[in-house]
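Asker: Handing over query35.txt, compact mmCIF, C-alpha atoms.
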```txt
# COMPACT_ATOMS: atom_id res chain seq x y z
CA MET A 335 100.60 92.97 72.60
CA ALA A 336 100.24 90.05 70.21
CA SER A 337 100.02 86.58 71.72
CA PHE A 338 103.03 85.21 69.81
CA HIS A 339 106.09 86.71 68.20
CA ALA A 340 107.23 85.86 64.67
CA ASP A 341 109.58 83.02 65.65
CA GLU A 342 106.93 81.36 67.84
CA ILE A 343 104.53 81.47 64.89
CA LEU A 344 107.24 79.96 62.68
CA ALA A 345 107.83 77.19 65.21
CA GLN A 346 104.10 76.48 65.33
CA ALA A 347 104.05 76.31 61.53
CA ARG A 348 106.97 73.87 61.44
CA ALA A 349 105.09 71.69 63.91
CA GLY A 350 101.84 72.05 61.95
CA HIS A 351 99.90 73.85 64.69
CA VAL A 352 99.57 77.61 64.04
CA LEU A 353 97.33 78.90 66.83
CA GLY A 354 96.80 82.57 66.04
CA GLU A 355 95.78 84.96 68.82
CA THR A 356 94.68 83.46 72.12
CA PRO A 357 92.97 85.24 75.03
CA ALA A 358 94.82 82.91 77.41
CA ILE A 359 97.92 85.13 77.09
CA ARG A 360 97.19 88.44 78.77
CA ALA A 361 99.08 91.65 79.46
CA PHE A 362 97.93 91.46 83.08
CA MET A 363 97.59 88.84 85.81
CA PRO A 364 94.08 87.63 86.61
CA GLU A 365 93.20 87.48 90.29
CA GLN A 366 93.66 83.71 90.52
CA HIS A 367 97.23 84.02 89.22
CA ARG A 368 98.02 86.81 91.67
CA LEU A 369 96.81 84.65 94.56
CA PHE A 370 98.68 81.63 93.23
CA PHE A 371 102.06 83.39 93.15
CA ALA A 372 101.49 84.77 96.66
CA GLY A 373 101.18 81.25 98.06
CA LEU A 374 104.46 79.88 96.70
CA PRO A 375 107.61 79.27 98.75
CA TYR A 376 109.80 79.11 95.62
CA LEU A 377 109.97 80.60 92.13
CA PHE A 378 112.00 79.85 89.00
CA ALA A 379 113.44 82.86 87.18
CA GLY A 380 115.19 83.42 83.88
CA THR A 381 116.96 86.57 82.78
CA VAL A 382 119.87 87.65 80.56
CA ASP A 383 123.54 87.95 81.52
CA ALA A 384 126.03 90.63 80.48
CA ASP A 385 126.74 88.76 77.22
CA GLY A 386 123.04 88.67 76.29
CA ALA A 387 122.74 84.95 77.03
CA PRO A 388 119.86 83.44 79.03
CA ILE A 389 120.61 82.50 82.63
CA ALA A 390 118.40 80.93 85.29
CA THR A 391 118.02 80.66 89.04
CA MET A 392 115.61 79.55 91.76
CA LEU A 393 114.43 81.95 94.45
CA THR A 394 112.92 80.86 97.76
CA GLY A 395 111.16 82.41 100.75
CA GLN A 396 108.21 82.13 103.05
CA PRO A 397 104.83 82.00 101.26
CA GLY A 398 104.03 85.61 100.49
CA PHE A 399 107.58 86.50 99.42
CA VAL A 400 106.12 86.84 95.92
CA ARG A 401 103.13 89.12 95.61
CA ALA A 402 101.23 91.13 93.02
CA PRO A 403 100.47 94.63 94.32
CA ASP A 404 98.41 95.15 91.17
CA ALA A 405 97.58 93.23 88.00
CA THR A 406 100.66 94.39 86.07
CA HIS A 407 103.47 94.08 88.62
CA LEU A 408 105.01 91.22 90.54
CA THR A 409 107.37 91.80 93.45
CA ILE A 410 109.85 89.25 94.82
CA ALA A 411 111.03 89.92 98.36
CA ALA A 412 113.98 87.55 98.39
CA PRO A 413 117.58 88.26 99.35
CA LEU A 414 119.57 88.12 96.11
CA ASP A 415 122.82 86.29 96.72
CA PRO A 416 125.66 88.35 95.19
CA ALA A 417 127.49 85.08 94.47
CA ASP A 418 124.66 83.81 92.27
CA PRO A 419 125.52 84.70 88.64
CA ALA A 420 121.83 84.86 87.71
CA ALA A 421 120.88 87.01 90.70
CA ARG A 422 123.57 89.51 89.66
CA ALA A 423 121.77 89.83 86.31
CA LEU A 424 118.39 90.70 87.87
CA VAL A 425 118.78 94.45 87.36
CA PRO A 426 116.39 97.19 86.20
CA GLY A 427 115.73 96.99 82.47
CA ALA A 428 116.61 93.29 82.23
CA GLU A 429 114.26 90.83 80.59
CA ALA A 430 112.68 88.43 83.05
CA GLY A 431 110.75 85.21 82.72
CA LEU A 432 109.13 83.82 85.87
CA LEU A 433 107.62 80.41 86.43
CA GLY A 434 105.46 79.69 89.42
CA LEU A 435 105.05 75.93 89.79
CA ASP A 436 103.35 74.19 92.70
CA PHE A 437 104.66 70.63 92.56
CA ALA A 438 102.05 69.56 95.14
CA THR A 439 99.14 70.45 92.84
CA ARG A 440 100.94 70.37 89.46
CA ARG A 441 99.66 73.87 88.81
CA ARG A 442 101.88 76.36 87.00
CA ASN A 443 101.62 79.95 85.78
CA ARG A 444 104.10 82.13 83.95
CA VAL A 445 104.90 85.83 83.83
CA ASN A 446 107.22 87.45 81.31
CA GLY A 447 108.26 91.09 81.43
CA ARG A 448 111.04 93.39 82.55
CA ILE A 449 112.57 94.32 85.87
CA VAL A 450 111.67 97.87 86.82
CA ARG A 451 113.17 98.04 90.32
CA ARG A 452 115.79 96.37 92.45
CA ASP A 453 116.58 97.33 96.01
CA GLY A 454 117.33 95.74 99.36
CA ASP A 455 113.82 94.29 99.45
CA GLY A 456 114.17 92.39 96.15
CA VAL A 457 112.96 93.08 92.62
CA THR A 458 109.80 94.24 90.88
CA ILE A 459 108.78 93.00 87.42
CA ALA A 460 106.44 94.82 85.05
CA VAL A 461 104.21 92.22 83.43
CA ALA A 462 104.10 91.97 79.63
CA GLN A 463 102.61 88.47 79.38
CA SER A 464 100.74 86.34 81.90
CA PHE A 465 99.48 82.85 81.14
CA GLY A 466 98.93 79.43 82.62
CA ASN A 467 100.23 76.06 81.50
CA CYS A 468 98.71 72.60 81.75
CA PRO A 469 99.85 70.16 84.49
CA GLN A 470 101.33 67.62 82.07
CA TYR A 471 104.68 65.94 82.84
CA ILE A 472 104.95 67.49 86.33
CA GLN A 473 105.95 65.01 89.04
CA ARG A 474 103.99 65.61 92.22
CA ARG A 475 106.13 66.43 95.24
CA MET A 476 105.49 67.96 98.65
CA ALA A 477 107.98 70.46 100.07
CA ASP A 478 108.77 71.36 103.67
CA PRO A 479 111.27 73.96 104.87
CA VAL A 480 114.61 72.66 106.14
CA GLN A 481 117.75 74.31 107.44
CA ARG A 482 120.69 73.99 105.04
CA SER A 483 124.12 75.55 104.84
CA PRO A 484 124.69 76.52 101.20
CA GLY A 485 128.11 75.82 99.76
CA PRO A 486 130.10 78.21 97.59
CA ILE A 487 129.46 78.65 93.90
CA GLU A 488 131.36 75.97 91.96
CA LEU A 489 132.03 77.16 88.41
CA LEU A 490 131.79 74.55 85.66
CA SER A 491 133.46 74.75 82.25
CA ALA A 492 132.08 71.30 81.40
CA LEU A 493 129.98 68.61 83.01
CA ASP A 494 131.75 66.86 85.84
CA ALA A 495 130.76 63.45 87.21
CA ASP A 496 128.35 64.85 89.81
CA ALA A 497 126.54 67.08 87.33
CA ALA A 498 126.27 64.30 84.74
CA ALA A 499 124.88 61.90 87.35
CA LEU A 500 122.28 64.43 88.47
CA ILE A 501 121.12 64.99 84.90
CA ARG A 502 120.98 61.28 84.04
CA GLY A 503 118.68 60.73 87.01
CA ALA A 504 116.59 63.86 86.56
CA ASP A 505 112.83 63.77 85.95
CA THR A 506 112.57 67.58 85.79
CA LEU A 507 114.45 70.48 84.24
CA PHE A 508 113.87 74.16 83.59
CA VAL A 509 114.93 75.94 80.41
CA ALA A 510 115.47 79.69 80.15
CA THR A 511 115.39 81.25 76.70
CA ARG A 512 114.96 84.66 75.12
CA SER A 513 113.73 85.90 71.77
CA ARG A 514 116.12 87.34 69.23
CA ASP A 515 116.79 91.04 69.37
CA GLY A 516 114.35 93.25 67.47
CA LEU A 517 111.13 91.40 68.25
CA ALA A 518 108.80 93.84 70.00
CA GLU A 519 106.64 91.02 71.33
CA GLY A 520 109.62 89.01 72.58
CA GLY A 521 111.70 88.84 75.74
CA GLY A 522 112.89 86.38 78.34
CA ASP A 523 111.11 83.17 79.32
CA ILE A 524 111.55 80.11 81.52
CA SER A 525 109.62 76.87 81.22
CA HIS A 526 109.42 73.36 82.66
CA ARG A 527 110.22 70.02 81.07
CA GLY A 528 109.50 66.68 82.71
CA GLY A 529 109.87 63.01 81.91
CA ARG A 530 110.97 59.69 83.33
CA PRO A 531 114.42 59.59 84.93
CA GLY A 532 116.65 59.14 81.90
CA PHE A 533 114.61 61.43 79.63
CA VAL A 534 117.66 63.70 79.17
CA ARG A 535 120.47 61.99 77.27
CA VAL A 536 124.05 62.85 78.25
CA ASP A 537 126.78 62.44 75.63
CA GLY A 538 129.85 64.18 77.03
CA ASP A 539 128.87 67.85 77.16
CA VAL A 540 125.88 67.44 74.83
CA LEU A 541 122.43 66.97 76.34
CA THR A 542 119.44 65.86 74.24
CA VAL A 543 115.89 66.58 75.38
CA PRO A 544 112.79 65.01 73.82
CA ASP A 545 109.91 67.35 72.97
CA PHE A 546 106.53 65.98 74.01
CA SER A 547 103.08 67.20 73.01
CA GLY A 548 102.17 70.24 75.13
CA ASN A 549 100.17 73.44 74.90
CA ARG A 550 101.35 74.06 71.31
CA TYR A 551 102.48 77.61 72.14
CA PHE A 552 106.10 76.73 71.26
CA ASN A 553 107.44 79.58 73.41
CA THR A 554 110.72 77.78 74.08
CA LEU A 555 111.37 76.42 70.59
CA GLY A 556 110.20 79.68 69.03
CA ASN A 557 112.77 81.58 71.06
CA LEU A 558 115.46 79.06 70.16
CA LEU A 559 114.78 79.56 66.45
CA GLY A 560 115.94 83.16 66.68
CA GLU A 561 118.39 82.93 69.62
CA ASN A 562 119.92 79.50 70.05
CA ARG A 563 121.51 80.20 73.42
CA ALA A 564 119.72 78.83 76.48
CA ALA A 565 120.21 78.02 80.15
CA LEU A 566 119.18 74.78 81.84
CA LEU A 567 118.48 74.48 85.57
CA PHE A 568 118.53 71.13 87.36
CA LEU A 569 117.45 70.72 90.98
CA ASP A 570 118.65 67.87 93.18
CA PHE A 571 115.44 67.33 95.15
CA ALA A 572 117.21 65.13 97.71
CA ARG A 573 120.18 67.37 98.55
CA GLY A 574 118.91 70.80 97.58
CA ASP A 575 121.72 71.31 95.06
CA LEU A 576 121.27 73.55 92.01
CA VAL A 577 123.11 73.11 88.71
CA VAL A 578 122.73 75.82 86.07
CA LEU A 579 124.24 75.40 82.61
CA GLN A 580 124.57 77.84 79.72
CA GLY A 581 125.07 76.74 76.14
CA ARG A 582 123.78 76.56 72.59
CA THR A 583 120.97 74.51 71.15
CA VAL A 584 120.01 72.79 67.91
CA ILE A 585 116.42 71.72 67.20
CA ASP A 586 115.78 68.51 65.28
CA TRP A 587 112.51 69.38 63.57
CA SER A 588 112.59 66.20 61.50
CA GLY A 589 111.96 64.04 64.54
CA MET A 590 114.45 61.50 63.24
CA GLY A 591 116.73 61.80 66.25
CA ALA A 592 113.89 60.89 68.60
CA ALA A 593 112.05 58.54 66.25
CA ASP A 594 112.41 55.60 68.67
CA PHE A 595 111.75 57.63 71.81
CA THR A 596 108.19 56.79 72.90
CA GLY A 597 106.04 59.92 73.10
CA ALA A 598 108.56 62.33 71.56
CA GLN A 599 107.53 64.41 68.55
CA ARG A 600 110.97 65.92 68.04
CA SER A 601 114.05 66.73 70.13
CA TRP A 602 116.62 69.41 70.74
CA SER A 603 120.23 69.26 71.83
CA PHE A 604 122.14 71.53 74.18
CA THR A 605 125.92 71.87 74.18
CA VAL A 606 127.33 72.96 77.54
CA GLU A 607 129.61 76.00 77.39
CA ARG A 608 129.76 76.96 81.07
CA GLY A 609 127.76 76.75 84.24
CA TRP A 610 127.77 76.62 88.01
CA ARG A 611 126.66 74.47 90.90
CA ARG A 612 125.72 75.34 94.44
CA ARG A 613 125.28 72.56 96.92
CA ALA A 614 122.49 72.76 99.53
CA ALA A 615 121.24 75.97 97.91
CA VAL A 616 117.53 75.22 98.30
CA PRO A 617 116.16 75.21 101.90
CA LEU A 618 113.37 72.73 101.15
CA ARG A 619 112.94 69.00 101.80
CA TRP A 620 110.97 67.19 99.09
CA SER A 621 108.90 64.03 99.26
CA GLN A 622 109.40 61.15 96.87
CA PRO A 623 107.86 61.97 93.49
CA GLU A 624 104.48 60.78 92.30
CA PRO A 625 105.05 60.48 88.53
CA ALA A 626 102.81 62.47 86.22
CA PRO A 627 100.23 60.21 84.55
CA GLN A 628 101.46 61.29 81.10
CA LEU A 629 104.79 59.52 81.72
CA ALA A 630 103.11 56.19 80.96
CA ARG A 631 103.13 57.32 77.32
CA THR A 632 106.82 58.25 77.25
CA GLY A 633 110.14 56.46 77.26
CA ILE A 634 113.80 57.08 78.08
CA TRP A 635 116.86 57.31 75.84
CA GLU A 636 118.33 53.96 76.93
CA THR A 637 115.35 52.16 75.41
CA ALA A 638 114.88 54.50 72.44
```
Output the file's structure in the form of structure tokens.

Answerer:
Amino acid sequence: MASFHADEILAQARAGHVLGETPAIRAFMPEQHRLFFAGLPYLFAGTVDADGAPIATMLTGQPGFVRAPDATHLTIAAPLDPADPAARALVPGAEAGLLGLDFATRRRNRVNGRIVRRDGDGVTIAVAQSFGNCPQYIQRRMADPVQRSPGPIELLSALDADAAALIRGADTLFVATRSRDGLAEGGGDISHRGGRPGFVRVDGDVLTVPDFSGNRYFNTLGNLLGENRAALLFLDFARGDLVVLQGRTVIDWSGMGAADFTGAQRSWSFTVERGWRRRAAVPLRWSQPEPAPQLARTGIWETA
């Protein structure tokens, strides 16, 4: 499989950084990645709903709930909540993007592929791409298990006051995307974005996210070139709430919209179409964040 699909290459060209093939993207998981996933108590997952739109969720369990029985399969032994719209979409044949991120060490690895099995023990993903990402823009946090009583799914047709407040104060988000249909090298993906609290601008139901210098793969923006639908996941680290939003994006390649935002090379906007919230969904207690050192070179929208 090629390292990048056609839209990722186009995104790299628009940004002036065409990378070509890279051995860092493999069709199998190296041993260190397999061990890394096995030590995580949480995992971020993106897939595709019945309408073909990206959707995202967060899965949790005791360390070892994710494991790699071999170099080309990843199993997730987590109870899939039937009320979770994203969990309902984790079915055999579905595209899947997985992000393992250890906030304590700022280490992160990704797996993209397809679900090949779902049963009472969880799901199994066949690996198409495995690669690591740098630790930039990740706020360091420690997590401990805590008992919580999850609330019901609260459907959102627009941002309410609680969701808007969470986003305005967020220093972390996750974005699920997928490539356009017909790209053999494409599929689902989920990635991390981080910044200072206030790095996501909220204008009604339109969110604007600055794009900082990263690994130059342009997986997310490449997918959005061909399929502009996306899902955003926000985690309330204090309360354990999850907010997942689905909508459509527009990329500002000119950089004009973020010209006064320190550290941003360009930006993209996301218009909320629907979403859901679940309070106390994550059974983890997080420490106060230690900001990533790269944040010293970035700003927030209020000062842009």

Asker: Edge lengths and centre in Å to one decimal, as JSON, of the axis-aligned box that encloses all listed atoms of segment 352-370 of chain A with 4 Å added on every side?

Answerer:
```
{"center_x": 96.3, "center_y": 84.6, "center_z": 79.3, "size_x": 14.6, "size_y": 22.0, "size_z": 38.5}
```

Asker: Segment 433-435 of chain A: which residues within 6 Å, counting all atoms listed in the file, same-chain residues fewer than 5 positions away excluded, as a VMD selection string?

Answerer: chain A and resid 377 to 378 441 to 444

Asker: Please determine, counting all atoms listed in the file, which residue among A:Glu342, A:Glu607, A:Glu355, A:Glu624 has the shortest atom-to-atom distance to Leu490 of chain A.

Answerer: A:Glu607

Asker: Nearest residue to Gly609 of chain A out of A:Ile501, A:Cys468, A:Ile389, A:Ala462, using all atoms listed in the file?

Answerer: A:Ile389

Asker: Between A:Ala460, A:Leu541, A:Ala593, A:Ala390, which has the minimum distance to Thr511 of chain A (counting all atoms listed in the file)?

Answerer: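 Comparing A:Ala460, A:Leu541, A:Ala593, A:Ala390 against Thr511 of chain A, the winner is A:Ala390.
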
Asker: Using atom CA of Asn557 of chain A and atom CA of Val382 of chain A as the two end points, give the distance in Å to one decimal.

Answerer: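 One can read the atom CA of Asn557 of chain A to atom CA of Val382 of chain A distance as 13.3 Å.
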
Asker: Do you know which residues are at most 10 Å from Ser603 of chain A counting all atoms listed in the file, after dropping those on the same chain fewer than 2 positions away, and could you put them as JSON, numbers by chain?

Answerer: {"A": [534, 535, 536, 540, 541, 542, 543, 544, 581, 582, 583, 584, 585, 586, 591, 601, 605, 606]}

Asker: Give me, as a tab-separated table, the closest atom pair and its distance (Å, one decimal) for every residue of segment 375-487 of chain A within a cut-off of 6 Å of segment 519-531 of chain A, counting all atoms listed in the file, rows sorted by chain and rising number.

Answerer:
```
residue	atom	partner	partner_atom	distance
A:Gly380	CA	A:Ile524	CA	5.5
A:Glu429	CA	A:Gly522	CA	5.2
A:Ala430	CA	A:Gly522	CA	5.1
A:Gly431	CA	A:Asp523	CA	4.0
A:Tyr471	CA	A:Gly528	CA	4.9
A:Ile472	CA	A:Gly528	CA	5.9
```
